[in-house]
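Single-structure report; data block below.
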Amino acid sequence: MNYPAPTPLQLAHALFVHVDLEPPKIIGPTKYGFRQVVPIAGGHFEGERLRGRVLPGGADWNVARVDGVTEIQARYTLETDDGALIYIVNEGLTTASPEVIMKLVTGQATRLDAWYFRSAPRFETAEPKYQWLQRSLFVGDLLPPDGLVARFHVYEVR
């Protein structure tokens with residue numbers, strides 16, 4: 001097949017997000033897999049163009065599928081230092097071997113290369129200063145969990 005050469009995508013770091021979590025609320029086995037809701041207690045974020053806090057009240061409604069993949073669906077609100085509210089929907093996939101998962105849930109350290117989590121955060125805001133968040137695609141790279149904390153980098157696809 002003859003097609004034009006691909007243009008490599010460029011990523012620019014947009015922000016780092018630290019989310020404090022509450023213990024999960026277990027729904028249990030459903031037709032989609034093992035479902036739990038992880039409430040968001042707060043947190044903070046910082047990037048070159050914005051910084052602020054994660055408001056309490058959102059959650060991650062995730063489901064561990066039978067094939068070993070966990071689907072993430074987090075929805076919550078960011079508040080910038082200048083008072084703007086930004087709604088975020090962060091959906092993604094995470095995979096790890098059963099051994100790595102056991103280390104994670106028991107609080108043992110694990111290597112980054114033993115853990116896969118990628119997401120596609122989408123942002124929504126009425127604040128003109130942050131409209132750029134609604135005009136680009138973003139990808140997220142979550143670090144392995146650290147207790148009841150989720151931490152991830154967000155990159156803008158250029």
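Residues in the structure tokens are numbered from 1 in each chain, the chains being A, B, ... in the order shown, and ligands are numbered from 1 in the order shown.
The protein and nucleic acid residues lying at most 6 Å from Asp60 of chain A are A:Val37, A:Val38, A:Gln73, A:Ala74, with only C-alpha atoms considered and sequence neighbours fewer than 5 positions away removed.
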I need the residues from that last selection saved to file as a PDB file, in the first residue's frame (with N, CA and C atoms), if you can.
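So the final result, stored in selection_3.pdb, reads:
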```
ATOM      1  N   VAL A  37     -16.167   2.266  42.875  1.00  0.00           N
ATOM      2  CA  VAL A  37     -16.191   3.720  42.769  1.00  0.00           C
ATOM      3  C   VAL A  37     -15.165   4.250  43.768  1.00  0.00           C
ATOM      4  N   VAL A  38     -14.240   5.061  43.268  1.00  0.00           N
ATOM      5  CA  VAL A  38     -13.201   5.624  44.126  1.00  0.00           C
ATOM      6  C   VAL A  38     -13.459   7.128  44.254  1.00  0.00           C
ATOM      7  N   GLN A  73     -12.702   5.655  34.457  1.00  0.00           N
ATOM      8  CA  GLN A  73     -13.605   6.726  34.040  1.00  0.00           C
ATOM      9  C   GLN A  73     -13.762   7.682  35.224  1.00  0.00           C
ATOM     10  N   ALA A  74     -12.875   8.674  35.266  1.00  0.00           N
ATOM     11  CA  ALA A  74     -12.876   9.638  36.369  1.00  0.00           C
ATOM     12  C   ALA A  74     -13.480  10.958  35.902  1.00  0.00           C
TER      13      ALA A  74
END
```
If we count only C-alpha atoms and set the cut-off at 7 Å, which residues sit around Leu142 of chain A, ignoring sequence neighbours fewer than 6 positions away in its own chain? Please answer as a compact mmCIF listing (two decimals) with C-alpha atoms, in the first residue's frame.
```txt
# COMPACT_ATOMS: atom_id res chain seq x y z
CA PHE A 117 -1.77 3.39 32.35
CA ARG A 118 -2.70 5.78 29.60
CA ARG A 151 -0.58 11.07 40.34
CA PHE A 152 -0.29 11.65 36.64
CA HIS A 153 1.29 13.80 33.97
```
Please, which residues of chain A, numbered as in this document, come out helix (DSSP H, G or I) from DSSP, as a short mmCIF file (atom, residue, chain, number, x, y, z; two decimals) with N, CA and C atoms, in the first residue's frame?
```
data_model
loop_
_atom_site.label_atom_id
_atom_site.label_comp_id
_atom_site.auth_asym_id
_atom_site.auth_seq_id
_atom_site.Cartn_x
_atom_site.Cartn_y
_atom_site.Cartn_z
N PRO A 98 -0.87 -9.97 37.40
CA PRO A 98 -1.44 -10.21 38.74
C PRO A 98 -0.43 -9.98 39.86
N GLU A 99 0.84 -10.29 39.61
CA GLU A 99 1.88 -10.08 40.62
C GLU A 99 2.06 -8.59 40.91
N VAL A 100 2.07 -7.78 39.86
CA VAL A 100 2.23 -6.34 40.04
C VAL A 100 1.01 -5.76 40.74
N ILE A 101 -0.18 -6.21 40.36
CA ILE A 101 -1.40 -5.73 41.02
C ILE A 101 -1.36 -6.05 42.51
N MET A 102 -0.92 -7.25 42.86
CA MET A 102 -0.83 -7.62 44.28
C MET A 102 0.15 -6.71 45.01
N LYS A 103 1.27 -6.38 44.38
CA LYS A 103 2.22 -5.45 45.01
C LYS A 103 1.59 -4.07 45.19
N LEU A 104 0.83 -3.64 44.20
CA LEU A 104 0.21 -2.32 44.29
C LEU A 104 -0.81 -2.26 45.41
N VAL A 105 -1.67 -3.27 45.52
CA VAL A 105 -2.73 -3.22 46.54
C VAL A 105 -2.18 -3.43 47.95
N LEU A 112 8.09 1.22 37.13
CA LEU A 112 7.21 1.87 36.16
C LEU A 112 7.01 1.02 34.92
N ASP A 113 8.03 0.25 34.51
CA ASP A 113 7.89 -0.55 33.29
C ASP A 113 7.00 -1.77 33.49
N ALA A 114 6.61 -2.05 34.73
CA ALA A 114 5.70 -3.17 35.00
C ALA A 114 4.25 -2.72 35.05
N PRO A 128 -12.32 32.19 29.48
CA PRO A 128 -11.58 32.45 28.23
C PRO A 128 -10.09 32.13 28.32
N LYS A 129 -9.48 32.40 29.46
CA LYS A 129 -8.04 32.19 29.63
C LYS A 129 -7.64 30.72 29.44
N TYR A 130 -8.58 29.80 29.68
CA TYR A 130 -8.26 28.37 29.62
C TYR A 130 -8.95 27.66 28.46
N GLN A 131 -9.40 28.42 27.47
CA GLN A 131 -10.05 27.81 26.31
C GLN A 131 -9.11 26.87 25.56
N TRP A 132 -7.81 27.09 25.67
CA TRP A 132 -6.85 26.22 24.99
C TRP A 132 -7.01 24.76 25.43
N LEU A 133 -7.52 24.54 26.64
CA LEU A 133 -7.74 23.17 27.11
C LEU A 133 -8.83 22.46 26.31
N GLN A 134 -9.73 23.22 25.74
CA GLN A 134 -10.85 22.65 24.97
C GLN A 134 -10.52 22.54 23.48
#
```
When DSSP works through the backbone of this structure, what residues of chain A end up as strand (DSSP E), shown as number ranges by chain? A: 11-21, 25-30, 33-46, 51-54, 59-64, 69-80, 85-95, 116-124, 137-142, 149-157
Could you check how far atom CA of Asp146 of chain A sits from atom CA of Glu124 of chain A, in Å to one decimal?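 Answer for the atom CA of Asp146 of chain A to atom CA of Glu124 of chain A separation: 27.9 Å.
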Nearby residues (only C-alpha atoms) at most 9 Å from Pro24 of chain A, same-chain spacing under 2 positions excluded, as a short mmCIF file (atom, residue, chain, number, x, y, z; two decimals) with C-alpha atoms, in the first residue's frame:
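So the final result, stored in part_7.cif, reads:
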```
data_model
loop_
_atom_site.label_atom_id
_atom_site.label_comp_id
_atom_site.auth_asym_id
_atom_site.auth_seq_id
_atom_site.Cartn_x
_atom_site.Cartn_y
_atom_site.Cartn_z
CA LEU A 21 -8.61 9.51 47.08
CA GLU A 22 -10.99 8.01 49.61
CA ILE A 26 -17.11 -1.75 46.10
CA GLN A 36 -15.76 0.01 42.18
CA VAL A 37 -16.19 3.72 42.77
CA VAL A 38 -13.20 5.62 44.13
CA PRO A 39 -14.30 9.00 45.58
#
```
Spatial neighbours of Gly52 of chain A, max dist 8 Å, only C-alpha atoms, sep filter under 2 positions, as a list in words: His44, Phe45, Glu46, Leu50, Val54, Leu78, Glu79, Thr80 and Asp81 of chain A
Kindly export the residues of the current selection with N, CA and C atoms, as a PDB file, in the first residue's frame.
```pdb
ATOM      1  N   HIS A  44      -4.227  18.631  44.126  1.00  0.00           N
ATOM      2  CA  HIS A  44      -3.712  19.847  43.509  1.00  0.00           C
ATOM      3  C   HIS A  44      -3.129  19.521  42.142  1.00  0.00           C
ATOM      4  N   PHE A  45      -2.919  20.556  41.341  1.00  0.00           N
ATOM      5  CA  PHE A  45      -2.325  20.392  40.016  1.00  0.00           C
ATOM      6  C   PHE A  45      -1.458  21.601  39.713  1.00  0.00           C
ATOM      7  N   GLU A  46      -0.501  21.396  38.813  1.00  0.00           N
ATOM      8  CA  GLU A  46       0.380  22.492  38.449  1.00  0.00           C
ATOM      9  C   GLU A  46       0.965  22.245  37.074  1.00  0.00           C
ATOM     10  N   LEU A  50      -1.145  26.861  34.166  1.00  0.00           N
ATOM     11  CA  LEU A  50      -2.219  26.847  35.158  1.00  0.00           C
ATOM     12  C   LEU A  50      -1.804  26.049  36.379  1.00  0.00           C
ATOM     13  N   VAL A  54      -7.634  20.363  43.158  1.00  0.00           N
ATOM     14  CA  VAL A  54      -8.671  19.417  42.757  1.00  0.00           C
ATOM     15  C   VAL A  54      -9.760  19.510  43.814  1.00  0.00           C
ATOM     16  N   LEU A  78     -11.536  20.854  38.624  1.00  0.00           N
ATOM     17  CA  LEU A  78     -10.336  21.579  39.015  1.00  0.00           C
ATOM     18  C   LEU A  78     -10.714  23.034  39.264  1.00  0.00           C
ATOM     19  N   GLU A  79     -10.073  23.653  40.249  1.00  0.00           N
ATOM     20  CA  GLU A  79     -10.240  25.089  40.474  1.00  0.00           C
ATOM     21  C   GLU A  79      -8.862  25.730  40.398  1.00  0.00           C
ATOM     22  N   THR A  80      -8.684  26.647  39.456  1.00  0.00           N
ATOM     23  CA  THR A  80      -7.389  27.299  39.287  1.00  0.00           C
ATOM     24  C   THR A  80      -7.153  28.324  40.394  1.00  0.00           C
ATOM     25  N   ASP A  81      -5.903  28.724  40.545  1.00  0.00           N
ATOM     26  CA  ASP A  81      -5.554  29.729  41.555  1.00  0.00           C
ATOM     27  C   ASP A  81      -6.273  31.051  41.333  1.00  0.00           C
TER      28      ASP A  81
END
```
Fewer than 5 positions away in the same chain doesn't count, so skip those; otherwise give me all residues within 10 Å of Leu55 of chain A, counting only C-alpha atoms, as a list in words.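 Neighbouring residues, sequence-local ones excluded: Val19, Asp20, Ile40, Ala41, Gly42, Gly43, His44, Tyr76, Thr77, Leu78, Glu79 and Leu85 of chain A.
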Which is closest to Asp67 of chain A among A:Ala5, A:Ala96, A:Ile27, A:Val154, if we use only C-alpha atoms?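 Of A:Ala5, A:Ala96, A:Ile27, A:Val154, the one nearest Asp67 of chain A is A:Ala96, counting only C-alpha atoms.
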So how far away is atom CA of Arg35 of chain A from atom CA of Thr125 of chain A, in Å?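 Taking atom CA of Thr125 of chain A and atom CA of Arg35 of chain A, their separation equals 29.2 Å.
The nearest approach to Arg122 of chain A among the residues A:Arg135, A:His18, A:Lys25, A:Arg53, with only C-alpha atoms taken into account, belongs to A:Arg135.
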